[in-house]
Every structure is written in C-alpha cells, then in structure tokens.
$ cat run_25.pdb   # PDB, C-alpha atoms
ATOM      1  CA  MET A   1      -6.459   4.443  21.761  1.00  0.00           C
ATOM      2  CA  THR A   2      -7.186   0.809  22.582  1.00  0.00           C
ATOM      3  CA  ILE A   3      -5.015  -1.764  20.831  1.00  0.00           C
ATOM      4  CA  ARG A   4      -6.202  -5.383  20.781  1.00  0.00           C
ATOM      5  CA  ASN A   5      -5.119  -8.533  18.934  1.00  0.00           C
ATOM      6  CA  LEU A   6      -1.593  -7.242  19.008  1.00  0.00           C
ATOM      7  CA  SER A   7       0.675  -8.168  16.158  1.00  0.00           C
ATOM      8  CA  ALA A   8       3.642  -6.704  14.357  1.00  0.00           C
ATOM      9  CA  LEU A   9       2.640  -3.640  12.353  1.00  0.00           C
ATOM     10  CA  SER A  10       4.260  -2.452   9.151  1.00  0.00           C
ATOM     11  CA  ARG A  11       5.257   1.204   9.082  1.00  0.00           C
ATOM     12  CA  PRO A  12       2.545   1.998   6.480  1.00  0.00           C
ATOM     13  CA  ALA A  13      -0.071   0.437   8.737  1.00  0.00           C
ATOM     14  CA  SER A  14       1.181   2.465  11.699  1.00  0.00           C
ATOM     15  CA  VAL A  15       1.101   5.739   9.779  1.00  0.00           C
ATOM     16  CA  ALA A  16      -2.321   5.018   8.318  1.00  0.00           C
ATOM     17  CA  SER A  17      -3.729   4.100  11.727  1.00  0.00           C
ATOM     18  CA  ILE A  18      -2.568   7.274  13.426  1.00  0.00           C
ATOM     19  CA  GLY A  19      -3.473   9.784  10.744  1.00  0.00           C
ATOM     20  CA  GLY A  20      -1.149  10.203   7.817  1.00  0.00           C
ATOM     21  CA  SER A  21       2.258  11.752   7.237  1.00  0.00           C
ATOM     22  CA  SER A  22       1.862  14.975   9.258  1.00  0.00           C
ATOM     23  CA  PRO A  23       4.461  15.552  12.028  1.00  0.00           C
ATOM     24  CA  ALA A  24       1.927  14.535  14.679  1.00  0.00           C
ATOM     25  CA  GLY A  25       0.947  11.518  12.597  1.00  0.00           C
ATOM     26  CA  SER A  26       4.559  10.444  12.278  1.00  0.00           C
ATOM     27  CA  ILE A  27       5.086  10.744  16.046  1.00  0.00           C
ATOM     28  CA  GLY A  28       1.930   8.760  16.693  1.00  0.00           C
ATOM     29  CA  ALA A  29       3.121   6.109  14.253  1.00  0.00           C
ATOM     30  CA  ASP A  30       6.306   5.846  16.316  1.00  0.00           C
ATOM     31  CA  VAL A  31       4.108   4.978  19.299  1.00  0.00           C
ATOM     32  CA  LEU A  32       2.389   2.200  17.361  1.00  0.00           C
ATOM     33  CA  ASP A  33       5.771   0.950  16.180  1.00  0.00           C
ATOM     34  CA  ALA A  34       6.928   0.797  19.808  1.00  0.00           C
ATOM     35  CA  VAL A  35       3.769  -1.031  20.897  1.00  0.00           C
ATOM     36  CA  SER A  36       4.241  -3.422  17.986  1.00  0.00           C
ATOM     37  CA  ALA A  37       7.804  -4.155  19.102  1.00  0.00           C
ATOM     38  CA  MET A  38       6.579  -4.654  22.670  1.00  0.00           C
ATOM     39  CA  CYS A  39       3.960  -7.187  21.625  1.00  0.00           C
ATOM     40  CA  VAL A  40       6.560  -9.177  19.704  1.00  0.00           C
ATOM     41  CA  ALA A  41       8.931  -9.202  22.673  1.00  0.00           C
ATOM     42  CA  LEU A  42       6.163  -9.814  25.236  1.00  0.00           C
ATOM     43  CA  PRO A  43       3.519 -12.147  23.783  1.00  0.00           C
ATOM     44  CA  ASP A  44       1.727 -12.289  27.166  1.00  0.00           C
ATOM     45  CA  VAL A  45       0.429  -8.743  26.519  1.00  0.00           C
ATOM     46  CA  LEU A  46      -3.129  -8.997  25.181  1.00  0.00           C
ATOM     47  CA  GLU A  47      -4.352  -5.413  25.251  1.00  0.00           C
ATOM     48  CA  VAL A  48      -3.078  -1.896  25.841  1.00  0.00           C
ATOM     49  CA  ASP A  49      -5.550   0.904  26.554  1.00  0.00           C
ATOM     50  CA  ILE A  50      -3.761   4.215  26.031  1.00  0.00           C
ATOM     51  CA  ASN A  51      -6.212   6.904  27.045  1.00  0.00           C
ATOM     52  CA  PRO A  52      -5.548   9.658  26.457  1.00  0.00           C
ATOM     53  CA  LEU A  53      -2.596   9.687  24.088  1.00  0.00           C
ATOM     54  CA  ILE A  54      -1.640  13.316  23.503  1.00  0.00           C
ATOM     55  CA  VAL A  55       0.297  13.865  20.278  1.00  0.00           C
ATOM     56  CA  ASP A  56       1.535  17.177  18.880  1.00  0.00           C
ATOM     57  CA  GLN A  57       4.556  18.514  17.056  1.00  0.00           C
ATOM     58  CA  HIS A  58       6.561  18.536  20.298  1.00  0.00           C
ATOM     59  CA  GLY A  59       6.155  14.884  21.165  1.00  0.00           C
ATOM     60  CA  VAL A  60       3.797  12.377  22.717  1.00  0.00           C
ATOM     61  CA  VAL A  61       2.511  11.729  26.239  1.00  0.00           C
ATOM     62  CA  ALA A  62       0.423   8.773  27.440  1.00  0.00           C
ATOM     63  CA  LEU A  63      -1.460   9.875  30.569  1.00  0.00           C
ATOM     64  CA  ASP A  64      -2.861   6.423  31.293  1.00  0.00           C
ATOM     65  CA  ALA A  65      -2.073   3.017  29.801  1.00  0.00           C
ATOM     66  CA  PRO A  66      -3.565  -0.045  31.528  1.00  0.00           C
ATOM     67  CA  VAL A  67      -2.195  -3.312  30.128  1.00  0.00           C
ATOM     68  CA  ALA A  68      -4.046  -6.653  30.072  1.00  0.00           C
ATOM     69  CA  VAL A  69      -1.907  -9.783  30.151  1.00  0.00           C
ATOM     70  CA  ALA A  70      -2.681 -13.447  29.590  1.00  0.00           C
ATOM     71  CA  ALA A  71      -3.581 -15.586  32.596  1.00  0.00           C
ATOM     72  CA  SER A  72      -0.874 -18.068  31.634  1.00  0.00           C
ATOM     73  CA  ALA A  73       2.387 -17.757  29.776  1.00  0.00           C
ATOM     74  CA  VAL A  74       2.185 -17.328  26.018  1.00  0.00           C
ATOM     75  CA  THR A  75       4.988 -18.305  23.711  1.00  0.00           C
ATOM     76  CA  GLN A  76       5.370 -17.496  20.056  1.00  0.00           C
ATOM     77  CA  PRO A  77       8.287 -17.386  17.644  1.00  0.00           C
ATOM     78  CA  GLY A  78       9.885 -14.076  16.809  1.00  0.00           C
ATOM     79  CA  LEU A  79       8.236 -12.319  13.887  1.00  0.00           C
ATOM     80  CA  VAL A  80      10.244 -11.515  10.795  1.00  0.00           C
ATOM     81  CA  PRO A  81       9.272 -10.018   7.436  1.00  0.00           C
ATOM     82  CA  ALA A  82       8.334 -12.482   4.738  1.00  0.00           C
ATOM     83  CA  PRO A  83      11.041 -13.028   2.123  1.00  0.00           C
ATOM     84  CA  MET A  84      10.880 -10.926  -1.009  1.00  0.00           C
ATOM     85  CA  PRO A  85       8.700 -12.878  -3.486  1.00  0.00           C
ATOM     86  CA  LEU A  86      11.154 -12.904  -6.367  1.00  0.00           C
ATOM     87  CA  HIS A  87       8.887 -15.237  -8.352  1.00  0.00           C
ATOM     88  CA  TRP A  88       6.525 -12.276  -8.772  1.00  0.00           C
ATOM     89  CA  SER A  89       9.046 -10.581 -11.040  1.00  0.00           C
ATOM     90  CA  ALA A  90       8.023 -10.707 -14.689  1.00  0.00           C
ATOM     91  CA  ASP A  91       8.651  -9.380 -18.163  1.00  0.00           C
ATOM     92  CA  LEU A  92       5.331  -8.098 -19.508  1.00  0.00           C
ATOM     93  CA  GLU A  93       4.080  -6.742 -22.797  1.00  0.00           C
ATOM     94  CA  THR A  94       1.469  -4.001 -22.663  1.00  0.00           C
ATOM     95  CA  ARG A  95      -1.499  -3.734 -25.006  1.00  0.00           C
ATOM     96  CA  SER A  96       0.486  -1.230 -27.086  1.00  0.00           C
ATOM     97  CA  GLY A  97       3.358  -3.701 -27.518  1.00  0.00           C
ATOM     98  CA  LEU A  98       5.636  -1.976 -24.994  1.00  0.00           C
ATOM     99  CA  ARG A  99       7.907  -4.353 -23.084  1.00  0.00           C
ATOM    100  CA  ILE A 100       8.221  -3.641 -19.354  1.00  0.00           C
ATOM    101  CA  PHE A 101       9.737  -5.395 -16.366  1.00  0.00           C
ATOM    102  CA  VAL A 102       7.863  -5.647 -13.052  1.00  0.00           C
ATOM    103  CA  ARG A 103       9.293  -6.745  -9.711  1.00  0.00           C
ATOM    104  CA  PRO A 104       8.541  -6.350  -6.003  1.00  0.00           C
ATOM    105  CA  VAL A 105      10.115  -3.337  -4.357  1.00  0.00           C
ATOM    106  CA  ARG A 106      13.388  -3.592  -2.421  1.00  0.00           C
ATOM    107  CA  ALA A 107      14.404  -1.559   0.609  1.00  0.00           C
ATOM    108  CA  ASP A 108      17.143   0.136  -1.438  1.00  0.00           C
ATOM    109  CA  ASP A 109      14.711   1.442  -4.101  1.00  0.00           C
ATOM    110  CA  GLU A 110      14.009   4.774  -2.388  1.00  0.00           C
ATOM    111  CA  ALA A 111      16.238   6.795  -4.731  1.00  0.00           C
ATOM    112  CA  LEU A 112      14.622   5.179  -7.795  1.00  0.00           C
ATOM    113  CA  LEU A 113      11.148   6.044  -6.499  1.00  0.00           C
ATOM    114  CA  ALA A 114      12.186   9.588  -5.600  1.00  0.00           C
ATOM    115  CA  GLU A 115      13.329  10.119  -9.193  1.00  0.00           C
ATOM    116  CA  PHE A 116      10.129   8.525 -10.500  1.00  0.00           C
ATOM    117  CA  PHE A 117       7.878  10.889  -8.551  1.00  0.00           C
ATOM    118  CA  GLU A 118       9.693  13.880 -10.026  1.00  0.00           C
ATOM    119  CA  HIS A 119       8.009  12.887 -13.327  1.00  0.00           C
ATOM    120  CA  VAL A 120       4.486  12.461 -11.958  1.00  0.00           C
ATOM    121  CA  THR A 121       1.998  15.272 -12.558  1.00  0.00           C
ATOM    122  CA  PRO A 122       0.511  17.247  -9.632  1.00  0.00           C
ATOM    123  CA  ASP A 123      -2.932  15.835 -10.444  1.00  0.00           C
ATOM    124  CA  ASP A 124      -1.603  12.276 -10.394  1.00  0.00           C
ATOM    125  CA  LEU A 125       0.134  12.923  -7.071  1.00  0.00           C
ATOM    126  CA  ARG A 126      -3.208  14.096  -5.698  1.00  0.00           C
ATOM    127  CA  TYR A 127      -4.935  10.988  -7.027  1.00  0.00           C
ATOM    128  CA  ARG A 128      -2.244   8.701  -5.620  1.00  0.00           C
ATOM    129  CA  PHE A 129      -2.043  10.185  -2.126  1.00  0.00           C
ATOM    130  CA  LEU A 130      -5.628  11.505  -1.912  1.00  0.00           C
ATOM    131  CA  SER A 131      -4.360  14.934  -0.916  1.00  0.00           C
ATOM    132  CA  SER A 132      -2.427  17.840  -2.404  1.00  0.00           C
ATOM    133  CA  VAL A 133       1.245  16.866  -2.527  1.00  0.00           C
ATOM    134  CA  ASP A 134       4.071  19.064  -3.802  1.00  0.00           C
ATOM    135  CA  HIS A 135       6.901  16.673  -3.084  1.00  0.00           C
ATOM    136  CA  VAL A 136       7.122  13.000  -2.184  1.00  0.00           C
ATOM    137  CA  GLY A 137       9.517  12.954   0.732  1.00  0.00           C
ATOM    138  CA  HIS A 138      11.346  10.321   2.716  1.00  0.00           C
ATOM    139  CA  ASP A 139       8.440   9.312   4.954  1.00  0.00           C
ATOM    140  CA  ARG A 140       6.170   8.425   2.043  1.00  0.00           C
ATOM    141  CA  LEU A 141       8.987   6.748   0.121  1.00  0.00           C
ATOM    142  CA  ALA A 142       9.865   4.668   3.183  1.00  0.00           C
ATOM    143  CA  MET A 143       6.253   3.498   3.401  1.00  0.00           C
ATOM    144  CA  MET A 144       6.533   2.164  -0.139  1.00  0.00           C
ATOM    145  CA  THR A 145       9.982   0.579   0.142  1.00  0.00           C
ATOM    146  CA  ARG A 146      10.156  -0.777   3.705  1.00  0.00           C
ATOM    147  CA  VAL A 147       7.438  -3.359   3.335  1.00  0.00           C
ATOM    148  CA  ASP A 148       6.958  -6.724   5.018  1.00  0.00           C
ATOM    149  CA  TYR A 149       5.824  -8.565   1.818  1.00  0.00           C
ATOM    150  CA  LEU A 150       2.963 -10.002   3.828  1.00  0.00           C
ATOM    151  CA  ARG A 151       0.517  -7.260   4.709  1.00  0.00           C
ATOM    152  CA  THR A 152       2.099  -4.681   2.426  1.00  0.00           C
ATOM    153  CA  ILE A 153       3.838  -5.048  -0.913  1.00  0.00           C
ATOM    154  CA  SER A 154       4.821  -2.603  -3.639  1.00  0.00           C
ATOM    155  CA  PHE A 155       5.520  -3.444  -7.262  1.00  0.00           C
ATOM    156  CA  LEU A 156       7.730  -1.370  -9.555  1.00  0.00           C
ATOM    157  CA  ALA A 157       7.404  -1.303 -13.338  1.00  0.00           C
ATOM    158  CA  PHE A 158      10.584  -0.502 -15.282  1.00  0.00           C
ATOM    159  CA  ASP A 159      11.266   0.460 -18.863  1.00  0.00           C
ATOM    160  CA  GLN A 160      13.120  -1.917 -21.178  1.00  0.00           C
ATOM    161  CA  THR A 161      16.494  -0.843 -19.781  1.00  0.00           C
ATOM    162  CA  ARG A 162      15.373  -1.827 -16.254  1.00  0.00           C
ATOM    163  CA  THR A 163      16.930   1.384 -14.949  1.00  0.00           C
ATOM    164  CA  SER A 164      13.958   3.782 -14.774  1.00  0.00           C
ATOM    165  CA  VAL A 165      10.723   3.283 -12.854  1.00  0.00           C
ATOM    166  CA  ILE A 166       7.714   4.119 -15.023  1.00  0.00           C
ATOM    167  CA  ALA A 167       4.892   3.052 -12.688  1.00  0.00           C
ATOM    168  CA  THR A 168       4.364   1.737  -9.195  1.00  0.00           C
ATOM    169  CA  ALA A 169       1.538   0.038  -7.314  1.00  0.00           C
ATOM    170  CA  MET A 170       1.108  -0.649  -3.609  1.00  0.00           C
ATOM    171  CA  LEU A 171      -1.172  -3.294  -2.115  1.00  0.00           C
ATOM    172  CA  ALA A 172      -1.962  -3.158   1.617  1.00  0.00           C
ATOM    173  CA  THR A 173      -4.070  -5.844   3.282  1.00  0.00           C
ATOM    174  CA  ASP A 174      -5.995  -6.086   6.515  1.00  0.00           C
ATOM    175  CA  PRO A 175      -4.580  -8.355   9.262  1.00  0.00           C
ATOM    176  CA  ASP A 176      -6.261 -11.538   8.024  1.00  0.00           C
ATOM    177  CA  ARG A 177      -5.291 -10.802   4.405  1.00  0.00           C
ATOM    178  CA  THR A 178      -8.826 -11.181   3.033  1.00  0.00           C
ATOM    179  CA  HIS A 179      -9.230  -7.551   2.015  1.00  0.00           C
ATOM    180  CA  ALA A 180      -6.721  -5.191   0.408  1.00  0.00           C
ATOM    181  CA  GLU A 181      -6.472  -1.641  -0.872  1.00  0.00           C
ATOM    182  CA  VAL A 182      -4.455  -0.833  -3.972  1.00  0.00           C
ATOM    183  CA  ALA A 183      -2.977   2.451  -5.182  1.00  0.00           C
ATOM    184  CA  LEU A 184      -1.225   2.904  -8.529  1.00  0.00           C
ATOM    185  CA  VAL A 185       0.463   5.763 -10.351  1.00  0.00           C
ATOM    186  CA  THR A 186       2.161   5.983 -13.748  1.00  0.00           C
ATOM    187  CA  ARG A 187       4.774   8.410 -15.031  1.00  0.00           C
ATOM    188  CA  ALA A 188       3.285  11.190 -17.141  1.00  0.00           C
ATOM    189  CA  ASP A 189       5.191  10.369 -20.344  1.00  0.00           C
ATOM    190  CA  MET A 190       4.191   6.684 -20.194  1.00  0.00           C
ATOM    191  CA  LYS A 191       0.440   7.175 -20.085  1.00  0.00           C
ATOM    192  CA  GLY A 192      -1.699   5.787 -22.875  1.00  0.00           C
ATOM    193  CA  ARG A 193       0.636   2.858 -23.537  1.00  0.00           C
ATOM    194  CA  GLY A 194      -1.032   0.212 -21.417  1.00  0.00           C
ATOM    195  CA  VAL A 195       1.469   0.393 -18.543  1.00  0.00           C
ATOM    196  CA  SER A 196      -1.158   1.007 -15.850  1.00  0.00           C
ATOM    197  CA  TRP A 197      -3.320  -1.858 -17.124  1.00  0.00           C
ATOM    198  CA  SER A 198      -0.441  -4.352 -17.231  1.00  0.00           C
ATOM    199  CA  LEU A 199       0.849  -3.409 -13.780  1.00  0.00           C
ATOM    200  CA  PHE A 200      -2.638  -3.458 -12.261  1.00  0.00           C
ATOM    201  CA  ASP A 201      -3.339  -6.864 -13.819  1.00  0.00           C
ATOM    202  CA  HIS A 202      -0.076  -8.179 -12.348  1.00  0.00           C
ATOM    203  CA  VAL A 203      -1.091  -6.930  -8.885  1.00  0.00           C
ATOM    204  CA  LEU A 204      -4.525  -8.561  -9.220  1.00  0.00           C
ATOM    205  CA  ARG A 205      -2.974 -11.891 -10.206  1.00  0.00           C
ATOM    206  CA  TYR A 206      -0.804 -11.650  -7.093  1.00  0.00           C
ATOM    207  CA  ALA A 207      -3.878 -10.881  -4.946  1.00  0.00           C
ATOM    208  CA  ARG A 208      -5.766 -13.859  -6.375  1.00  0.00           C
ATOM    209  CA  ALA A 209      -2.804 -16.166  -5.840  1.00  0.00           C
ATOM    210  CA  GLU A 210      -2.584 -14.989  -2.240  1.00  0.00           C
ATOM    211  CA  ARG A 211      -6.340 -15.641  -1.822  1.00  0.00           C
ATOM    212  CA  ILE A 212      -7.106 -12.016  -1.035  1.00  0.00           C
ATOM    213  CA  GLY A 213     -10.851 -12.013  -1.627  1.00  0.00           C
ATOM    214  CA  THR A 214     -11.560  -8.291  -2.039  1.00  0.00           C
ATOM    215  CA  VAL A 215      -9.441  -5.586  -3.638  1.00  0.00           C
ATOM    216  CA  GLU A 216     -10.477  -1.933  -3.423  1.00  0.00           C
ATOM    217  CA  ALA A 217      -9.189   1.340  -4.795  1.00  0.00           C
ATOM    218  CA  ILE A 218     -10.207   4.698  -3.345  1.00  0.00           C
ATOM    219  CA  GLU A 219     -10.523   7.263  -6.118  1.00  0.00           C
ATOM    220  CA  TYR A 220     -11.534  10.867  -6.485  1.00  0.00           C
ATOM    221  CA  ALA A 221     -14.752  11.054  -8.508  1.00  0.00           C
ATOM    222  CA  ASP A 222     -12.963  13.145 -11.147  1.00  0.00           C
ATOM    223  CA  HIS A 223     -10.290  10.479 -11.706  1.00  0.00           C
ATOM    224  CA  GLU A 224     -12.284   9.213 -14.650  1.00  0.00           C
ATOM    225  CA  ALA A 225      -9.457   7.404 -16.466  1.00  0.00           C
ATOM    226  CA  ALA A 226      -8.649   5.217 -13.439  1.00  0.00           C
ATOM    227  CA  ILE A 227     -12.278   4.432 -12.691  1.00  0.00           C
ATOM    228  CA  ARG A 228     -12.903   3.551 -16.331  1.00  0.00           C
ATOM    229  CA  MET A 229      -9.900   1.203 -16.397  1.00  0.00           C
ATOM    230  CA  GLU A 230     -10.943  -0.439 -13.139  1.00  0.00           C
ATOM    231  CA  ARG A 231     -14.457  -1.012 -14.434  1.00  0.00           C
ATOM    232  CA  GLU A 232     -13.007  -2.638 -17.541  1.00  0.00           C
ATOM    233  CA  MET A 233     -11.073  -4.936 -15.197  1.00  0.00           C
ATOM    234  CA  GLY A 234     -14.214  -6.085 -13.394  1.00  0.00           C
ATOM    235  CA  PHE A 235     -14.403  -3.553 -10.573  1.00  0.00           C
ATOM    236  CA  VAL A 236     -17.636  -1.938  -9.433  1.00  0.00           C
ATOM    237  CA  ALA A 237     -17.603   1.726  -8.444  1.00  0.00           C
ATOM    238  CA  GLU A 238     -19.870   3.220  -5.812  1.00  0.00           C
ATOM    239  CA  ALA A 239     -20.089   6.594  -4.126  1.00  0.00           C
ATOM    240  CA  ASP A 240     -18.520   6.957  -0.696  1.00  0.00           C
ATOM    241  CA  ALA A 241     -21.415   7.506   1.690  1.00  0.00           C
ATOM    242  CA  ASP A 242     -19.237   9.767   3.845  1.00  0.00           C
ATOM    243  CA  ASP A 243     -17.701  11.830   1.051  1.00  0.00           C
ATOM    244  CA  PRO A 244     -19.504  12.451  -2.269  1.00  0.00           C
ATOM    245  CA  SER A 245     -16.224  13.525  -3.890  1.00  0.00           C
ATOM    246  CA  MET A 246     -14.819  10.004  -3.520  1.00  0.00           C
ATOM    247  CA  ARG A 247     -15.536   6.661  -5.151  1.00  0.00           C
ATOM    248  CA  ILE A 248     -14.877   3.203  -3.716  1.00  0.00           C
ATOM    249  CA  VAL A 249     -13.991   0.863  -6.561  1.00  0.00           C
ATOM    250  CA  ARG A 250     -14.166  -2.800  -5.580  1.00  0.00           C
ATOM    251  CA  ARG A 251     -13.603  -6.238  -7.041  1.00  0.00           C
ATOM    252  CA  VAL A 252     -14.504  -9.420  -5.173  1.00  0.00           C
ATOM    253  CA  PHE A 253     -12.894 -12.712  -6.177  1.00  0.00           C
ATOM    254  CA  PRO A 254     -14.527 -16.094  -5.566  1.00  0.00           C
ATOM    255  CA  VAL A 255     -12.996 -17.942  -2.615  1.00  0.00           C
ATOM    256  CA  GLU A 256     -11.671 -20.709  -4.856  1.00  0.00           C
ATOM    257  CA  ASP A 257     -10.294 -18.213  -7.394  1.00  0.00           C
ATOM    258  CA  ALA A 258      -6.532 -18.582  -6.977  1.00  0.00           C
ATOM    259  CA  VAL A 259      -3.851 -18.876  -9.606  1.00  0.00           C
TER
END
$ encode --input "run_25.pdb" --output "structure tokens"
Amino acid sequence: MTIRNLSALSRPASVASIGGSSPAGSIGADVLDAVSAMCVALPDVLEVDINPLIVDQHGVVALDAPVAVAASAVTQPGLVPAPMPLHWSADLETRSGLRIFVRPVRADDEALLAEFFEHVTPDDLRYRFLSSVDHVGHDRLAMMTRVDYLRTISFLAFDQTRTSVIATAMLATDPDRTHAEVALVTRADMKGRGVSWSLFDHVLRYARAERIGTVEAIEYADHEAAIRMEREMGFVAEADADDPSMRIVRRVFPVEDAV
C-alpha cells in the first residue's frame, strides 16, 4: 500500500480505501487513520510505502515501510474539520405538499439514525450499502455522523415535528472536491411522497454551490425507482463495465454552474 499526497482522511474515506466494514477492513482503516494523523503532525513526510501490510481479524503487521521526506522543512497549519454548514438547513415542501426539514448531520445524531434504519426495508438497505445488510451498526453509523463537512457530508430529512429522521443522504468527494458520490435512502412509510426527490435536489444544490463538477450514484440495475428519479433529475445511467449488475448514474455540472 503506497500512500502519496498525504492529507487528513475522514473515517469514511479510510474505511472505503481499505475495503469496507469487515473486521479486517476496520483494522486497516485504523492504519490509514494513524498515517493520516502522522502526516498532519509531520508535514515533511511525502510518501509512505507499506509493503506488505498484513491485515486479518487478529490485527495488522507492516513488514516494510520506507518513508520519503521532503528535502527541506515543510510547515503547514494544523488541520481541523470544517464548521458545520448551518446555512444548508432548510424547510422544504415536497411535490406532494409534505413539509420536511433538512439539515447537515451532527456527531450526536447516531441514535436518531439507528432508529431511522430500523424502518428501512431490507431491499433498501441493500441498495444503500450495495451489499446484504441485516443491521446498521455503530461503524456504519459513525461513518455517516462523524464527517468533516469538507470531503464528506450527510444530510438528514425530518418530519414536521423535527424529531424523526425520514430520509438521509451522504455525499463523499474526492480530494480535490471536483467529483462526488451520493447515496440516499428513505424510510419505507415515507416513500411516494416526494421526500427522496426533495432531499436529493437539496444535496445537488449544495454540490453545485460547492463547485463539485460531477455527482455520481452507484445503483443496482434492479433499483429502477432510483434510476428513474435520477434520470428525471438530469443524470445519465450507464452500465458498469466491470459488473453488469450495477449502473453508474452521473450528472456533470458546467464549471460556472454554482448557486
């Protein structure tokens, strides 16, 4: 595992890079978290070549790890998460006339999301996480709530009482924030009321305002309702060349298209 252009990684980025939420994946993500912390503390480090990195359920061992450092001292300010963008909270009205409230996630929202996922169908869990999921546990919930508001942000949609989460969307960008992947899921009893559309539109307005040029969703080919909605919103769907069961649904915004 060679790591270049070192920068602070969010926990979702670490988990995604190392291979998901399996025990080995979680341990490997801990390694990336540690390397991320090292690069913040030691900006002279330019590259770490960990080869091999052996990860299993018992732990992790790096057998070799050459480190490249800058020829001269490098200084940079400490990295901190971006502030929560409170101005991206909004009262919205769906196409069915339903009033909802949308805001960015907070670190203390894990219990709200845990309750929300208890009301999501097994099929929708599969569509959201692109794998069979029986229960959404702490690791996945932490990925959605402990965000840096820069490379990763989650939005929660609430009912009129603002006490129950009825939908959630997560947007994760690449390091230069020109490309992002979005994933959205809606509570079973709130489907067909325009909640998904309104939340997705809110996320897209955020992406445009942040000058994120390309937004993609990865969908199972049988997730027809999501693909149909995304096409209505200007996305183009194409088959995944590596997996015929998947579709890559993409929308590209003009460079000057910011709101």
$ closest_residue --input "run_25.pdb" --among "A:Val236, A:Leu98, A:Val136, A:Leu141" --to "Ile218 in chain A" --atoms "all atoms listed in the file"
A:Val236
$ residues_around --input "run_25.pdb" --residues "Glu181 in chain A" --least-positions-apart "5" --cutoff "9 Å" --atoms "only C-alpha atoms" --output "tab-separated table (two decimals) with C-alpha atoms, in the coordinates of the input"
chain	number	residue	atom	x	y	z
A	170	MET	CA	1.11	-0.65	-3.61
A	171	LEU	CA	-1.17	-3.29	-2.12
A	172	ALA	CA	-1.96	-3.16	1.62
A	173	THR	CA	-4.07	-5.84	3.28
A	174	ASP	CA	-6.00	-6.09	6.52
A	214	THR	CA	-11.56	-8.29	-2.04
A	215	VAL	CA	-9.44	-5.59	-3.64
A	216	GLU	CA	-10.48	-1.93	-3.42
A	217	ALA	CA	-9.19	1.34	-4.80
A	218	ILE	CA	-10.21	4.70	-3.34
$ residues_around --input "run_25.pdb" --residues "His202 in chain A" --least-positions-apart "5" --cutoff "9 Å" --atoms "only C-alpha atoms" --output "PyMOL selection string"
chain A and resi 88+90+92+102+155+197+207
$ resolve_selection --input "run_25.pdb" --expression "the PyMOL selection byres ((chain A and resi 210) around 10)" --output "number ranges by chain"
A: 150, 177-178, 204-209, 211-213, 257-259
$ atom_distance --input "run_25.pdb" --atom1 "CA of Phe235 in chain A" --atom2 "CA of Met190 in chain A"
23.3 Å
$ residues_near_point --input "run_25.pdb" --point "(12.4, 9.6, -8.5)" --cutoff "12 Å" --atoms "all atoms listed in the file" --output "PyMOL selection string"
chain A and resi 109-120+135-138+141+156+163-168+187
$ closest_residue --input "run_25.pdb" --among "A:Asp201, A:Asp139, A:Asp176, A:Asp49" --to "Arg151 in chain A" --atoms "only C-alpha atoms"
A:Asp176
$ resolve_selection --input "run_25.pdb" --expression "the PyMOL selection byres ((chain A and resi 222) around 10)" --output "number ranges by chain"
A: 127, 219-221, 223-227, 245-247
$ closest_residue --input "run_25.pdb" --among "A:Ala107, A:Val67, A:Val195, A:Ile50" --to "Met84 in chain A" --atoms "all atoms listed in the file"
A:Ala107
$ closest_residue --input "run_25.pdb" --among "A:Phe158, A:Phe200, A:Tyr149, A:Phe253" --to "Pro83 in chain A" --atoms "all atoms listed in the file"
A:Tyr149
$ atom_distance --input "run_25.pdb" --atom1 "CA of Met233 in chain A" --atom2 "CA of Lys191 in chain A"
17.4 Å
$ closest_residue --input "run_25.pdb" --among "A:Val45, A:Val255, A:Val185, A:Ala142" --to "Arg126 in chain A" --atoms "only C-alpha atoms"
A:Val185
$ atom_distance --input "run_25.pdb" --atom1 "CA of Val203 in chain A" --atom2 "CA of Ala157 in chain A"
11.1 Å
$ closest_residue --input "run_25.pdb" --among "A:Gly192, A:Gly59, A:Ile100, A:Ala169" --to "Thr152 in chain A" --atoms "all atoms listed in the file"
A:Ala169
